[in-house]
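Inspection log for the structure reproduced underneath, given as C-alpha cells.
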Amino acid sequence: MKTEFGKAAEPDFSIVTARNNQEVELLRTAWQRLQWHPNADIDFYLTVLASRPEILRPHVIALGSNGDVKAMLIGRIEERALDFKVGYKTVLRPKARVLTIIYGGILGDASPGVCRILIKILMEALNKGEADMIAFSHVDINSPLLSFGKTLPNFLQRDYAIGVNAHLKINLTGTMEDFLRRVERNTRRICRKFEREEQVQVKCFSSVEDVKILCNDIEQIAKTTYHRGLGVGFVYNNENENILVLSAINGWLRGYVLYVGGRPCSFWLATLYKKTAHTGFTGYLPEYQHYKPGALLFLKMIEDFYRMPNLESVDLGFGDALYKRQYCDHSWEEVSFYIYSRSFRGLRLNIGRTVVGFIDLNLRRFVKNLKLEAKIKKIWRLSKAGKD
C-alpha cells in the first residue's frame, strides 16, 4: 500500500489510502479496533462492496503516528444516479462518480485537527479527478468534519442546500413498565384489541438457517408497503440476504415478524452491535393498519431488548417520525452534504442540487409552518402502499 504525503499531511501523521480489497485487509486489525457502528464494520463494508455493481472500489484513508493507526475515514468510489428530490418526488437524476463517506465512517480520533486533514485529503482526491463529488452521510451537526467540509472548499465547491435531520435513540434504563408509560393510551388499547381479536404470534429470527425464511416472509409484507412504492425499504435481493447472513454469523441479527393466523403481517429488523440495538427495515400490511401492527411489534421488540442484559440503548435510525419522538429519550441533529469537484461536471451538479434543494427546503418549511407535514406524508404514503 502506497504511503501518500501531500499538502494535507502534518509532520505527526503518515497517510495511507487503500484503493482495493487487498489494501483494505492490511488495515483490518486497526479497523476492528476502532469500528463503532455496524454500518462501518469492516466485514459489513466488504459485503456491501461485493454486492453492489455500481461500487467501483474502496477508498479508505488511514492516519498513523509512531506506527499506529490513530484515525480512519471509510469511503468508496461508485458510479451512480443521484436523486435530487422535492419532497418524495425525484426532480433530477444525474449520473456521477461519487466518493461516498459512509455513516459511522470516521473511526478513532475525530478531533478538529484530524478532521481538517481528512477533508484536505479528500479534496486532493477531487482535484486529481478521482470523483465528481464527495457525499457525506448523516454527519453529526457538531462534528468538525462538517465544519471543515463547509469552510475549506471554495465557494464553487460548497454545498448550499444542507438540510438538518433528527436522529433519535432510546436508552434502556428502568423497566419495560417504565417504557410503557411513554406509549399513548389509545395505542396500548388498540394493541390489546388486536391481540384479543386476532390470532397474533410474534417470532424472532436470529440464526443463519432462519435467513431465507425471514427474507421470504418479510418480502410478502414489504412489497405491499409505501416504502416499496417509494423505491426504498427492504427488498429480497442478494445484498440484503448476504447482510442478514453476515449479521446472523456474528450474532447481531434480530428479525421480528408478527403473524396473523399464520400470515406475515408486520416486521422489524434489528442489528445488535456493541451494546446498542440498531433498528432497520420495517413494514406492515396496509389492510391491518387500523390495528397498528407496527406499534404492537415494536413494543414486543423493545420488551425483548429489555430482557438482554448487555444492551444499553436502541438506535432508531435515520429520519424523524412521530413514533420515534413518542418513544425516544435522546436525540441529536445530523446533516448529509456534498463537496463538488472544480470541474464543469462538478459545477453543473452543484447548481442542479442547489436549485432543487432550495425549493425542497423552503417547501418543507412552508408545509411545516402550516402544520400540514404529517397529513401530506400520510396521503403520499397511502397513495404508494401496495404498488410493487
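Lettering and numbering for the C-alpha cells are positional, with chains as A, B, ... in the shown order, residues counted from 1 in each chain, and ligands counted from 1 in the shown order.
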
Neighbours of A:Ile119 within 7 Å (only C-alpha atoms; same-chain residues fewer than 4 positions away dropped), as a CSV table (one decimal) with C-alpha atoms, in the first residue's frame?
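What follows is the written file around11.csv:
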chain,number,residue,atom,x,y,z
A,115,CYS,CA,-10.9,16.3,10.6
A,123,MET,CA,-10.3,17.5,-1.7
A,148,PHE,CA,-14.3,22.0,7.7
A,149,GLY,CA,-16.4,20.4,4.9

Can you check which parts of stretch 263-332 of chain A lie within 12 Å of stretch 139-142 of chain A? Per residue, the shortest pair of atoms and distance in Å to one decimal, counting only C-alpha atoms, sorted by chain and number, as a tab-separated table.
residue	atom	partner	partner_atom	distance
A:Phe318	CA	A:Val139	CA	11.1
A:Ser331	CA	A:Asp140	CA	10.9
A:Trp332	CA	A:Asp140	CA	7.5

Give me, as CSV, the closest atom pair and its distance (Å, one decimal) for every residue of stretch 159-245 of chain A within a cut-off of 7 Å of stretch 38-56 of chain A, counting only C-alpha atoms, rows sorted by chain and rising number.
residue,atom,partner,partner_atom,distance
A:Asn238,CA,A:Ser51,CA,6.9
A:Glu239,CA,A:Ser51,CA,5.1
A:Ile243,CA,A:Thr47,CA,6.8

Run DSSP on the backbone and tell me which residues of stretch 131-176 of chain A come out as alpha helix (DSSP H); list them as a list in words. Pro144, Leu145, Leu146, Ser147, Phe148, Gly149, Lys150, Thr151 and Met176 of chain A

Residues from last step as file, N, CA and C atoms, as a short mmCIF file (atom, residue, chain, number, x, y, z; two decimals), in the first residue's frame:
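This is the output file again11.cif:
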data_model
loop_
_atom_site.label_atom_id
_atom_site.label_comp_id
_atom_site.auth_asym_id
_atom_site.auth_seq_id
_atom_site.Cartn_x
_atom_site.Cartn_y
_atom_site.Cartn_z
N PRO A 144 -16.58 18.44 13.70
CA PRO A 144 -15.67 19.30 12.94
C PRO A 144 -15.53 18.86 11.49
N LEU A 145 -15.91 17.61 11.19
CA LEU A 145 -15.89 17.16 9.79
C LEU A 145 -16.86 18.01 8.96
N LEU A 146 -18.02 18.31 9.53
CA LEU A 146 -18.98 19.18 8.85
C LEU A 146 -18.45 20.60 8.77
N SER A 147 -17.89 21.10 9.85
CA SER A 147 -17.39 22.47 9.88
C SER A 147 -16.35 22.70 8.79
N PHE A 148 -15.36 21.80 8.68
CA PHE A 148 -14.33 21.96 7.66
C PHE A 148 -14.85 21.62 6.27
N GLY A 149 -15.84 20.73 6.20
CA GLY A 149 -16.45 20.41 4.91
C GLY A 149 -17.20 21.59 4.31
N LYS A 150 -17.62 22.52 5.17
CA LYS A 150 -18.34 23.71 4.71
C LYS A 150 -17.41 24.89 4.45
N THR A 151 -16.24 24.91 5.09
CA THR A 151 -15.39 26.11 5.01
C THR A 151 -14.13 25.94 4.17
N MET A 176 -39.42 -2.25 31.55
CA MET A 176 -40.38 -2.19 30.45
C MET A 176 -41.64 -1.45 30.88
#

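Candidate residues A:Leu363, A:Ala270, A:Leu370, A:Ala277 were compared for distance to A:Gly87, and the nearest is A:Leu363, using only C-alpha atoms.
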
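Between A:Leu253 and the residues A:Phe84, A:Tyr284, A:Tyr103, A:Tyr273, the shortest atom-to-atom distance, using only C-alpha atoms, involves A:Tyr273.
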